Amino acid sequence: MGNCLKCFQSTSEHPSNTLGSGVATSSSMHSGCHPTTHIVDGRYTGLAATTATTNINANDGNHQQLPHHLHVVRATFSSKERSHETDELLSTRSPLKPANHCDTKRSSFKKSLALLNGNASTMCDIITAVKETSEVSDNTLNKLFEEYKEPDEDMILADGIERLCCDLNYQPDEFAILVLAWCLDASQMCRFTRSEFIEGLHKMRADTIETIRIRLEQTIETLKVDSEMFKQLYRFTFRFGLEPDQRILSLDMAISLWKLVFTVHTPDLLSKWIHFLEQHPSIRGIPKDTWNMFLNFSEQCDINNYDDTEAWPSLFDDFVDYEKSRLETGDDDNNNDDPLQQKQMQDNSSSINVL
């Protein structure tokens with residue numbers, strides 16, 4: 001490419017030299033003036049001689065003025081040559097080098113990057129450097145973890161979580177702390193391991209109490225409008241509330257978590273559902289399928305359009321029957337006609353008879 005630039009500059013600065021070479025060659029033509037192809041500066045000019053060249057005496061010391069049509073030839077020649085040179089400059093491959101050695105633009109770009117960034121020689125190095133500056137530091141997160149972890153255990157337990165909540169200006173039983181546990185992918189309540197804490201805050205891109213609070217506020221606002229994201233939080237909540245080695249939520253824990261997780265996207269029938277559960281403490285627990293399907297049930301059904309032939313958990317059937325009975329009697333606390341209690345009484349009676 002450098003040779004092309006020198007050649008182009010030489011042609012631009014001294015156009016008369018090119019013409020002189022062409023005229024001198026023309027003067028050596030025979031008087032018959034047959035069309036002749038000339039080589040000027042190593043290139044085929046393809047200029048045809050005209051009868052006017054017979055009026056040019058190359059040995060005439062008076063240097064007769066060129067006829068008008070030769071001025072046209074001169075202008076055309078210069079224009080074609082410059083156009084040819086410009087085409088070479090714009091070509092993706094330099095005609096002066098083989099194809100596998102003409103990646104000059106990329107080489108120049110790499111050199112520019114090296115000048116701008118010292119030891120960075122590729123764009124990958126630049127991107128990596130920028131990415132690293134935008135990420136939080138492991139050292140910073142480890143120091144933050146040390147502030148809240150237990151003295152004799154490498155994890156944050158109840159006391160440390162209470163202090164963390166206090167610094168974040170939240171109560172431990174607020175929705176934001178459930179969101180924090182979800183962001184950290186905590187495996188159980190009242191405990192954050194070092195890996196959960198550090199990896200979770202890396203994903204949140206937060207390394208201070210202030211940035212953690214900002215990320216929590218942003219996440220909560222997103223949860224309010226993103227139903228798919230809320231669904232992930234809802235399913236996490238069941239696993240988060242389980243006791244170690246248990247597969248069913250206790251009824252009290254399930255009621256508390258339903259109240260908490262539905263701080264956003266609160267279904268219309270939630271209060272009735274909670275009332276039903278509280279009135280039936282004999283319910284053994286809430287399995288995972290019942291927990292997950294309640295979200296679909298609350299979005300798709302109500303008491304009037306419920307179809308008990310669909311594959312809903314039997315607890316939903318009992319809930320709908322209970323609500324219909326309440327509507328018929330108009331008594332919220334009268335459980336004499338409670339179908340669930342009647343069913344349980346029948347089961348107990350059958351057990352007694354068997355014994």
# chains A, B, ... in the order shown; residues from 1 in each chain; ligands from 1
>>> residues_around(residues="Phe145 in chain A", least_positions_apart="6", cutoff="12 Å", atoms="only C-alpha atoms", output="list in words")
Asp138, Asn139, Pro151, Glu153, Asp154, Met155, Ile156, Leu157, Gly160, Ile161, Arg163, Leu164, Phe192, Thr193, Arg194, Ser195, Glu196, Phe197, Ile198, Glu199, Gly200, Leu201, Asp207, Thr208 and Ile209 of chain A
>>> closest_residue(among="A:Asp159, A:Asp152, A:Glu146, A:Glu174", to="Leu260 in chain A", atoms="only C-alpha atoms")
A:Glu174
>>> residues_around(residues="Leu223 in chain A", least_positions_apart="4", cutoff="9 Å", atoms="only C-alpha atoms", output="PyMOL selection string")
chain A and resi 218-219+227-230+233+264-265
>>> atom_distance(atom1="CA of Gln171 in chain A", atom2="CA of Arg191 in chain A")
15.7 Å
>>> closest_residue(among="A:Asp268, A:Asp226, A:Asp173, A:Asp167", to="Phe297 in chain A", atoms="only C-alpha atoms")
A:Asp268
>>> closest_residue(among="A:Gln188, A:Phe240, A:Val179, A:Tyr322", to="Thr222 in chain A", atoms="only C-alpha atoms")
A:Val179
>>> atom_distance(atom1="CA of Leu315 in chain A", atom2="CA of Asp185 in chain A")
29.5 Å
>>> atom_distance(atom1="CA of Leu295 in chain A", atom2="CA of Arg235 in chain A")
9.4 Å
>>> residues_around(residues="Asp317 in chain A", least_positions_apart="6", cutoff="9 Å", atoms="only C-alpha atoms", output="PyMOL selection string")
chain A and resi 306-308
>>> write_last_selection(atoms="N, CA and C atoms", output="PDB file, in the first residue's frame")
ATOM      1  N   TYR A 306     -64.593 -22.829  38.059  1.00  0.00           N
ATOM      2  CA  TYR A 306     -63.674 -23.927  38.355  1.00  0.00           C
ATOM      3  C   TYR A 306     -64.229 -25.242  37.812  1.00  0.00           C
ATOM      4  N   ASP A 307     -63.367 -25.996  37.128  1.00  0.00           N
ATOM      5  CA  ASP A 307     -63.752 -27.284  36.552  1.00  0.00           C
ATOM      6  C   ASP A 307     -63.024 -28.386  37.318  1.00  0.00           C
ATOM      7  N   ASP A 308     -63.778 -29.131  38.133  1.00  0.00           N
ATOM      8  CA  ASP A 308     -63.142 -30.149  38.964  1.00  0.00           C
ATOM      9  C   ASP A 308     -62.770 -31.407  38.184  1.00  0.00           C
TER      10      ASP A 308
END
>>> closest_residue(among="A:Val225, A:Ile212, A:Asn296, A:Phe175", to="Val136 in chain A", atoms="only C-alpha atoms")
A:Ile212
>>> select_by_dssp(residues="range 268-319 of chain A", states="alpha helix (DSSP H)", output="VMD selection string")
chain A and resid 270 to 278 288 to 300 314 to 319
>>> residues_around(residues="Ser250 in chain A", least_positions_apart="2", cutoff="8 Å", atoms="only C-alpha atoms", output="list in words")
Ile248, Asp252, Met253, Ala254, Arg284, Gly285 and Ile286 of chain A
>>> write_last_selection(atoms="N, CA, C and O atoms", output="PDB file, in the first residue's frame")
ATOM      1  N   ILE A 248     -41.829 -31.481  51.662  1.00  0.00           N
ATOM      2  CA  ILE A 248     -43.157 -30.870  51.792  1.00  0.00           C
ATOM      3  C   ILE A 248     -43.059 -29.684  52.744  1.00  0.00           C
ATOM      4  O   ILE A 248     -42.431 -29.781  53.814  1.00  0.00           O
ATOM      5  N   ASP A 252     -47.908 -23.927  58.116  1.00  0.00           N
ATOM      6  CA  ASP A 252     -47.616 -22.575  58.605  1.00  0.00           C
ATOM      7  C   ASP A 252     -46.575 -21.878  57.726  1.00  0.00           C
ATOM      8  O   ASP A 252     -46.706 -20.687  57.416  1.00  0.00           O
ATOM      9  N   MET A 253     -45.545 -22.613  57.346  1.00  0.00           N
ATOM     10  CA  MET A 253     -44.514 -22.032  56.482  1.00  0.00           C
ATOM     11  C   MET A 253     -45.098 -21.697  55.115  1.00  0.00           C
ATOM     12  O   MET A 253     -44.791 -20.631  54.543  1.00  0.00           O
ATOM     13  N   ALA A 254     -45.927 -22.551  54.563  1.00  0.00           N
ATOM     14  CA  ALA A 254     -46.522 -22.293  53.253  1.00  0.00           C
ATOM     15  C   ALA A 254     -47.398 -21.045  53.281  1.00  0.00           C
ATOM     16  O   ALA A 254     -47.342 -20.214  52.358  1.00  0.00           O
ATOM     17  N   ARG A 284     -51.928 -31.609  56.231  1.00  0.00           N
ATOM     18  CA  ARG A 284     -50.609 -32.113  56.617  1.00  0.00           C
ATOM     19  C   ARG A 284     -49.465 -31.231  56.119  1.00  0.00           C
ATOM     20  O   ARG A 284     -48.460 -31.057  56.800  1.00  0.00           O
ATOM     21  N   GLY A 285     -49.570 -30.710  54.917  1.00  0.00           N
ATOM     22  CA  GLY A 285     -48.505 -29.906  54.350  1.00  0.00           C
ATOM     23  C   GLY A 285     -48.786 -29.618  52.881  1.00  0.00           C
ATOM     24  O   GLY A 285     -49.782 -30.072  52.312  1.00  0.00           O
ATOM     25  N   ILE A 286     -47.902 -28.856  52.285  1.00  0.00           N
ATOM     26  CA  ILE A 286     -48.068 -28.462  50.882  1.00  0.00           C
ATOM     27  C   ILE A 286     -46.936 -29.059  50.065  1.00  0.00           C
ATOM     28  O   ILE A 286     -45.765 -28.670  50.205  1.00  0.00           O
TER      29      ILE A 286
END
>>> residues_around(residues="Ile255 in chain A", least_positions_apart="2", cutoff="12 Å", atoms="only C-alpha atoms", output="CSV table (one decimal) with N, CA and C atoms, in the first residue's frame")
chain,number,residue,atom,x,y,z
A,237,THR,N,-39.2,-20.0,45.8
A,237,THR,CA,-39.7,-19.8,47.2
A,237,THR,C,-40.0,-21.1,47.9
A,238,PHE,N,-40.6,-22.0,47.1
A,238,PHE,CA,-40.9,-23.3,47.7
A,238,PHE,C,-39.6,-24.0,48.2
A,241,GLY,N,-38.0,-22.5,51.3
A,241,GLY,CA,-38.7,-22.6,52.6
A,241,GLY,C,-38.7,-24.0,53.2
A,249,LEU,N,-43.7,-28.6,52.4
A,249,LEU,CA,-43.7,-27.4,53.2
A,249,LEU,C,-44.7,-27.6,54.3
A,250,SER,N,-44.4,-27.2,55.6
A,250,SER,CA,-45.3,-27.2,56.6
A,250,SER,C,-46.4,-26.2,56.3
A,251,LEU,N,-47.6,-26.4,56.8
A,251,LEU,CA,-48.7,-25.5,56.5
A,251,LEU,C,-48.4,-24.1,56.9
A,252,ASP,N,-47.9,-23.9,58.1
A,252,ASP,CA,-47.6,-22.6,58.6
A,252,ASP,C,-46.6,-21.9,57.7
A,253,MET,N,-45.5,-22.6,57.3
A,253,MET,CA,-44.5,-22.0,56.5
A,253,MET,C,-45.1,-21.7,55.1
A,257,LEU,N,-45.1,-18.0,53.4
A,257,LEU,CA,-44.4,-17.7,52.1
A,257,LEU,C,-45.4,-17.3,51.1
A,258,TRP,N,-46.6,-17.8,51.0
A,258,TRP,CA,-47.6,-17.3,50.1
A,258,TRP,C,-47.9,-15.8,50.3
A,259,LYS,N,-48.1,-15.4,51.5
A,259,LYS,CA,-48.3,-14.0,51.9
A,259,LYS,C,-47.1,-13.2,51.4
A,260,LEU,N,-45.9,-13.7,51.6
A,260,LEU,CA,-44.7,-12.9,51.3
A,260,LEU,C,-44.5,-12.8,49.8
A,261,VAL,N,-44.5,-13.9,49.1
A,261,VAL,CA,-44.1,-13.9,47.7
A,261,VAL,C,-45.2,-13.2,46.8
A,262,PHE,N,-46.4,-13.2,47.3
A,262,PHE,CA,-47.5,-12.4,46.6
A,262,PHE,C,-47.6,-11.0,47.0
A,270,LEU,N,-56.4,-14.8,46.8
A,270,LEU,CA,-55.4,-15.1,47.8
A,270,LEU,C,-55.9,-15.1,49.2
A,271,SER,N,-56.6,-14.0,49.6
A,271,SER,CA,-57.1,-13.9,50.9
A,271,SER,C,-58.1,-15.1,51.3
A,272,LYS,N,-58.9,-15.5,50.3
A,272,LYS,CA,-59.8,-16.6,50.5
A,272,LYS,C,-59.0,-17.9,50.7
A,273,TRP,N,-58.0,-18.1,49.9
A,273,TRP,CA,-57.2,-19.2,50.0
A,273,TRP,C,-56.5,-19.3,51.3
A,274,ILE,N,-55.9,-18.2,51.8
A,274,ILE,CA,-55.3,-18.2,53.1
A,274,ILE,C,-56.3,-18.5,54.2
A,275,HIS,N,-57.5,-17.9,54.1
A,275,HIS,CA,-58.5,-18.1,55.1
A,275,HIS,C,-58.9,-19.6,55.1
A,276,PHE,N,-59.0,-20.2,54.0
A,276,PHE,CA,-59.3,-21.7,53.9
A,276,PHE,C,-58.2,-22.5,54.6
A,277,LEU,N,-57.0,-22.2,54.4
A,277,LEU,CA,-55.9,-22.9,55.0
A,277,LEU,C,-55.8,-22.7,56.5
A,278,GLU,N,-56.0,-21.5,56.9
A,278,GLU,CA,-56.0,-21.2,58.4
A,278,GLU,C,-57.1,-21.9,59.1
A,279,GLN,N,-58.3,-22.1,58.4
A,279,GLN,CA,-59.4,-22.8,59.0
A,279,GLN,C,-59.2,-24.3,59.0
A,280,HIS,N,-58.2,-24.8,58.4
A,280,HIS,CA,-58.0,-26.2,58.3
A,280,HIS,C,-56.6,-26.6,58.7
A,281,PRO,N,-56.2,-26.4,60.0
A,281,PRO,CA,-54.9,-26.7,60.4
A,281,PRO,C,-54.5,-28.2,60.3
A,283,ILE,N,-54.5,-29.9,57.7
A,283,ILE,CA,-53.8,-30.2,56.4
A,283,ILE,C,-52.4,-30.5,56.7
A,285,GLY,N,-49.6,-30.7,54.9
A,285,GLY,CA,-48.5,-29.9,54.3
A,285,GLY,C,-48.8,-29.6,52.9
A,286,ILE,N,-47.9,-28.9,52.3
A,286,ILE,CA,-48.1,-28.5,50.9
A,286,ILE,C,-46.9,-29.1,50.1
A,291,TRP,N,-48.0,-26.4,45.3
A,291,TRP,CA,-47.4,-25.1,45.4
A,291,TRP,C,-47.3,-24.5,44.0
>>> closest_residue(among="A:Glu150, A:Ala186, A:Ala181, A:Pro267", to="Cys165 in chain A", atoms="only C-alpha atoms")
A:Ala181
